[in-house]
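Take a look at the structure set out below.
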Amino acid sequence: MNRLGKTIFLFALMLVVLVNNFGLAADSKKRIVVLDFLAIDEHGNYIDPLGIKQAELINLSRVMAQSIVARLVQYGKFDVENSISLKDELQNLAFTYQTSAWERAASVLENDLADQVIIGSITLLQNTAVVGVQRFTLQEGKTNLTGSAVGSAPRISEAPAQVDNILQQLFPKDIQVVERSIEQVFAVPSQVRLNLGASHEITTYALDSLGRPIAEPQFLFFSSDESKVEVNEDGVVTGLQPGVATVTVRAVSQAKSSSPATMNVIVVPPAFGVRIGTLVTRPGTVDGYPLRLGIRLTPTIDQRGTQEKAPAAATQTVSDSSNPLSVLSSYFGSLLTNGLMTIDLDFDPTKELLVAFSGVQRSASGYIGTGVGYLTPLDDIEAQKGFVFRFTLGTQYRTRGRITVPIEAVMDAIFPTSTSFSPSFRIGINVGLDLFP
């Protein structure tokens with residue numbers, strides 16, 4: 001075998017070893033042994049499981065152990081053994097019925113039969129079945145008690161129903177052997193203001209009835225208006241259009257689940273912008289392509305208090321809807337609330353000034369607007385003036401922070417106010433900066 005062949009062989013051998021080791025590491029689980037519970041009589045003495053006295057208590061001690069085994073197997077993250085699967089190994093340890101729980105756990109751990117041992121005791125106190133359970137581990141060569149739980153039942157037949165409660169006490173809160181019912185769901189914060197096109201990840205919490213955090217909970221997220229606010233399965237909300245939407249967070253659980261949490265998401269447009277550009281279509285009296293400067297203002301009102309209340313009576317609704325001033329007020333109020341109204345100030349230095357009011361539909365990728373305005377010269381204030389119909393089409397590139405870079409095309413139809421009717425059309429190209437609040 002030449003040198004190249006040997007190199008390939010050694011590389012393949014190392015790869016096989018690494019894959020096998022990775023597979024073993026991935027498949028390894030903590031070994032846990034659940035021993036039969038110890039039955040205790042009214043005098044505090046261990047009961048011989050082979051005796052005929054208090055057979056009902058002896059049977060229950062075995063049922064409790066098997067119930068815990070069943071729950072651990074369902075959990076799926078332990079390699080579970082019990083007194084049946086380890087029958088021969090436990091016989092070699094030569095336990096007597098008077099061997100204490102601590103001694104049994106220590107022998108199992110020291111003989112490397114498990115990484116954890118669960119064992120308990122059960123007794124009757126005035127016809128009430130009382131169960132005590134302990135969880136042992138081996139730390140630095142010594143047996144340590146790392147978990148304990150106590151449960152009780154008014155009748156002996158009801159004791160197995162305490163298994164779930166016992167396991168919740170027995171393991172730390174980050175090990176959810178038994179799925180706990182979710183009593184409270186929180187979404188933090190309760191309200192978020194997003195710049196158009198920006199994203200924010202919702203922080204969510206779920207608590208059980210005792211106020212303990214649920215380990216690795218799963219949530220579903222819903223948006224009340226997906227055209228304005230999008231939310232994915234990871235709870236990341238993105239502002240698509242200016243406006244307000246409510247995001248609902250619901251916990252997913254096989255056990256009892258509480259009512260969902262809600263979060264208001266307010267998407268805001270850019271508040272201020274500047275433009276620089278030129279005209280593609282030149283006026284007849286202008287040589288070359290004139291430079292144009294512009295300012296964009298988008299005033300918005302606080303959207304936190306914009307939820308409309310239902311009218312007190314139907315007659316009031318009819319009266320308001322029939323009032324033209326009320327209709328106009330409501331219309332323009334909605335424009336300001338959702339950031340749909342933009343004020344355009346465009347001027348050619350020392351030449352002319354154009355003021356326009358545009359209704360703009362914005363999205364995360366671009367915007368389109370229509371509006372009306374007025375054009376007046378700056379160098380000759382008495383010269384011809386005109387009304388303007390404006391159409392705007394643009395897109396924007398988002399940078400980090402509060403700034404976007406827009407690129408837009410603007411078409412103006414100008415109708416002079418003089419007696420001679422000679423409308424004209426202009427098409428301009430602008431770039432600039434938009435600043436979010």
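Chain labels run A, B, ... following the order of the structure tokens; each chain numbers its residues from 1, and ligands are numbered from 1 in the order shown.
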Give me the residues near Lys77 (chain A) as a PyMOL selection string, where near means some atom within 9 Å (using only C-alpha atoms) and where sequence neighbours in that chain fewer than 2 positions away do not count. chain A and resi 29-30+72-75+79+177
Written file, previous selection with C-alpha atoms, as a PDB file, in the first residue's frame:
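Once everything was written out, this is out_24.pdb:
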ATOM      1  CA  LYS A  29     -29.249   8.785  28.474  1.00  0.00           C
ATOM      2  CA  LYS A  30     -29.108   9.109  32.220  1.00  0.00           C
ATOM      3  CA  LEU A  72     -40.403   8.374  33.371  1.00  0.00           C
ATOM      4  CA  VAL A  73     -40.693   6.138  30.305  1.00  0.00           C
ATOM      5  CA  GLN A  74     -43.249   8.550  28.820  1.00  0.00           C
ATOM      6  CA  TYR A  75     -40.850  11.419  29.469  1.00  0.00           C
ATOM      7  CA  ASP A  79     -32.920   4.957  30.521  1.00  0.00           C
ATOM      8  CA  VAL A 177     -41.121  14.983  33.644  1.00  0.00           C
TER       9      VAL A 177
END
Just want the 10 Å neighbourhood of Val63 (chain A), counted on only C-alpha atoms, with same-chain residues fewer than 4 positions away dropped. Output as a PyMOL selection string. chain A and resi 36-37+57-59+67-69+159-160
Report as number ranges by chain: the residues of region 88-128 of chain A with a DSSP assignment of alpha helix (DSSP H), based on the backbone of this structure. A: 88-93, 101-110
Would you save the residues of that selection, restricted to N, CA and C atoms, as a PDB file, in the first residue's frame?
ATOM      1  N   ASP A  88     -31.726  -9.864  38.978  1.00  0.00           N
ATOM      2  CA  ASP A  88     -30.521 -10.618  39.340  1.00  0.00           C
ATOM      3  C   ASP A  88     -29.491  -9.715  40.025  1.00  0.00           C
ATOM      4  N   GLU A  89     -29.301  -8.508  39.508  1.00  0.00           N
ATOM      5  CA  GLU A  89     -28.316  -7.599  40.106  1.00  0.00           C
ATOM      6  C   GLU A  89     -28.704  -7.212  41.529  1.00  0.00           C
ATOM      7  N   LEU A  90     -29.992  -6.986  41.764  1.00  0.00           N
ATOM      8  CA  LEU A  90     -30.438  -6.606  43.102  1.00  0.00           C
ATOM      9  C   LEU A  90     -30.347  -7.776  44.076  1.00  0.00           C
ATOM     10  N   GLN A  91     -30.565  -8.983  43.583  1.00  0.00           N
ATOM     11  CA  GLN A  91     -30.418 -10.152  44.456  1.00  0.00           C
ATOM     12  C   GLN A  91     -28.970 -10.297  44.925  1.00  0.00           C
ATOM     13  N   ASN A  92     -28.029  -9.957  44.061  1.00  0.00           N
ATOM     14  CA  ASN A  92     -26.618 -10.036  44.446  1.00  0.00           C
ATOM     15  C   ASN A  92     -26.256  -9.022  45.525  1.00  0.00           C
ATOM     16  N   LEU A  93     -27.051  -7.939  45.627  1.00  0.00           N
ATOM     17  CA  LEU A  93     -26.796  -6.947  46.664  1.00  0.00           C
ATOM     18  C   LEU A  93     -27.320  -7.393  48.024  1.00  0.00           C
ATOM     19  N   ALA A 101     -33.888   2.859  52.824  1.00  0.00           N
ATOM     20  CA  ALA A 101     -33.896   3.425  51.472  1.00  0.00           C
ATOM     21  C   ALA A 101     -32.524   3.994  51.116  1.00  0.00           C
ATOM     22  N   TRP A 102     -31.899   4.667  52.059  1.00  0.00           N
ATOM     23  CA  TRP A 102     -30.581   5.245  51.811  1.00  0.00           C
ATOM     24  C   TRP A 102     -29.564   4.155  51.481  1.00  0.00           C
ATOM     25  N   GLU A 103     -29.567   3.077  52.250  1.00  0.00           N
ATOM     26  CA  GLU A 103     -28.606   1.997  52.026  1.00  0.00           C
ATOM     27  C   GLU A 103     -28.847   1.329  50.670  1.00  0.00           C
ATOM     28  N   ARG A 104     -30.086   1.145  50.306  1.00  0.00           N
ATOM     29  CA  ARG A 104     -30.388   0.535  49.009  1.00  0.00           C
ATOM     30  C   ARG A 104     -29.892   1.423  47.871  1.00  0.00           C
ATOM     31  N   ALA A 105     -30.190   2.721  47.966  1.00  0.00           N
ATOM     32  CA  ALA A 105     -29.764   3.645  46.917  1.00  0.00           C
ATOM     33  C   ALA A 105     -28.244   3.692  46.814  1.00  0.00           C
ATOM     34  N   ALA A 106     -27.552   3.741  47.963  1.00  0.00           N
ATOM     35  CA  ALA A 106     -26.095   3.792  47.952  1.00  0.00           C
ATOM     36  C   ALA A 106     -25.498   2.553  47.297  1.00  0.00           C
ATOM     37  N   SER A 107     -26.036   1.373  47.586  1.00  0.00           N
ATOM     38  CA  SER A 107     -25.506   0.140  46.993  1.00  0.00           C
ATOM     39  C   SER A 107     -25.686   0.127  45.482  1.00  0.00           C
ATOM     40  N   VAL A 108     -26.862   0.578  44.994  1.00  0.00           N
ATOM     41  CA  VAL A 108     -27.127   0.585  43.553  1.00  0.00           C
ATOM     42  C   VAL A 108     -26.175   1.558  42.845  1.00  0.00           C
ATOM     43  N   LEU A 109     -25.976   2.732  43.445  1.00  0.00           N
ATOM     44  CA  LEU A 109     -25.111   3.730  42.821  1.00  0.00           C
ATOM     45  C   LEU A 109     -23.647   3.315  42.857  1.00  0.00           C
ATOM     46  N   GLU A 110     -23.201   2.794  43.983  1.00  0.00           N
ATOM     47  CA  GLU A 110     -21.795   2.424  44.121  1.00  0.00           C
ATOM     48  C   GLU A 110     -21.424   1.239  43.253  1.00  0.00           C
TER      49      GLU A 110
END
Counting only C-alpha atoms, which of A:Lys142, A:Lys87, A:Arg193, A:Arg390 gets nearest to Val33 (chain A)? A:Lys87
Asp41 (chain A) environment, 9 Å, only C-alpha atoms, sequence neighbours closer than 6 positions dropped, as a ChimeraX atom specification: /A:47,54,57,122-124
Which is closer to Asp48 (chain A) than all the others in A:Pro172, A:Tyr97, A:Phe272, A:Met341, using only C-alpha atoms?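 For Asp48 (chain A), the nearest of the given residues is A:Tyr97.
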Selected residue of minimal separation from Glu81 (chain A) among A:Leu38, A:Ser61, A:Ile32, A:Leu279, counting only C-alpha atoms: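 Residue with the minimum atom-to-atom distance to Glu81 (chain A): A:Ile32.
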Smallest atom-to-atom distance to Gly76 (chain A): which of A:Ser363, A:Gln241, A:Gln162, A:Gln176, using only C-alpha atoms? A:Gln176
Neighbours of Thr238 (chain A) within 8 Å (only C-alpha atoms; same-chain residues fewer than 4 positions away dropped), as an mmCIF file with N, CA and C atoms, in the first residue's frame?
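Dumped everything to part-v7.cif:
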data_model
loop_
_atom_site.group_PDB
_atom_site.id
_atom_site.type_symbol
_atom_site.label_atom_id
_atom_site.label_comp_id
_atom_site.auth_asym_id
_atom_site.auth_seq_id
_atom_site.Cartn_x
_atom_site.Cartn_y
_atom_site.Cartn_z
ATOM 1 N N LEU A 194 -42.889 49.919 16.373
ATOM 2 C CA LEU A 194 -41.940 49.453 15.370
ATOM 3 C C LEU A 194 -41.852 50.459 14.231
ATOM 4 N N GLY A 197 -41.012 48.254 8.512
ATOM 5 C CA GLY A 197 -40.006 47.331 8.010
ATOM 6 C C GLY A 197 -39.100 46.742 9.066
ATOM 7 N N ALA A 198 -39.158 47.257 10.297
ATOM 8 C CA ALA A 198 -38.303 46.741 11.374
ATOM 9 C C ALA A 198 -38.936 45.513 12.016
ATOM 10 N N SER A 199 -38.140 44.775 12.777
ATOM 11 C CA SER A 199 -38.596 43.548 13.443
ATOM 12 C C SER A 199 -38.251 43.599 14.918
ATOM 13 N N HIS A 200 -38.998 42.814 15.685
ATOM 14 C CA HIS A 200 -38.777 42.732 17.132
ATOM 15 C C HIS A 200 -39.212 41.354 17.599
ATOM 16 N N VAL A 229 -48.985 43.875 10.483
ATOM 17 C CA VAL A 229 -47.973 43.262 11.355
ATOM 18 C C VAL A 229 -47.919 41.773 11.057
ATOM 19 N N GLU A 230 -46.728 41.292 10.744
ATOM 20 C CA GLU A 230 -46.502 39.868 10.511
ATOM 21 C C GLU A 230 -45.768 39.291 11.715
ATOM 22 N N VAL A 231 -46.129 38.075 12.112
ATOM 23 C CA VAL A 231 -45.444 37.396 13.212
ATOM 24 C C VAL A 231 -45.192 35.957 12.787
#
Which residue, A:Gly359, A:Thr392, A:Ser148, A:Ile266, has the smallest gap to Thr246 (chain A) when you use only C-alpha atoms? A:Ile266
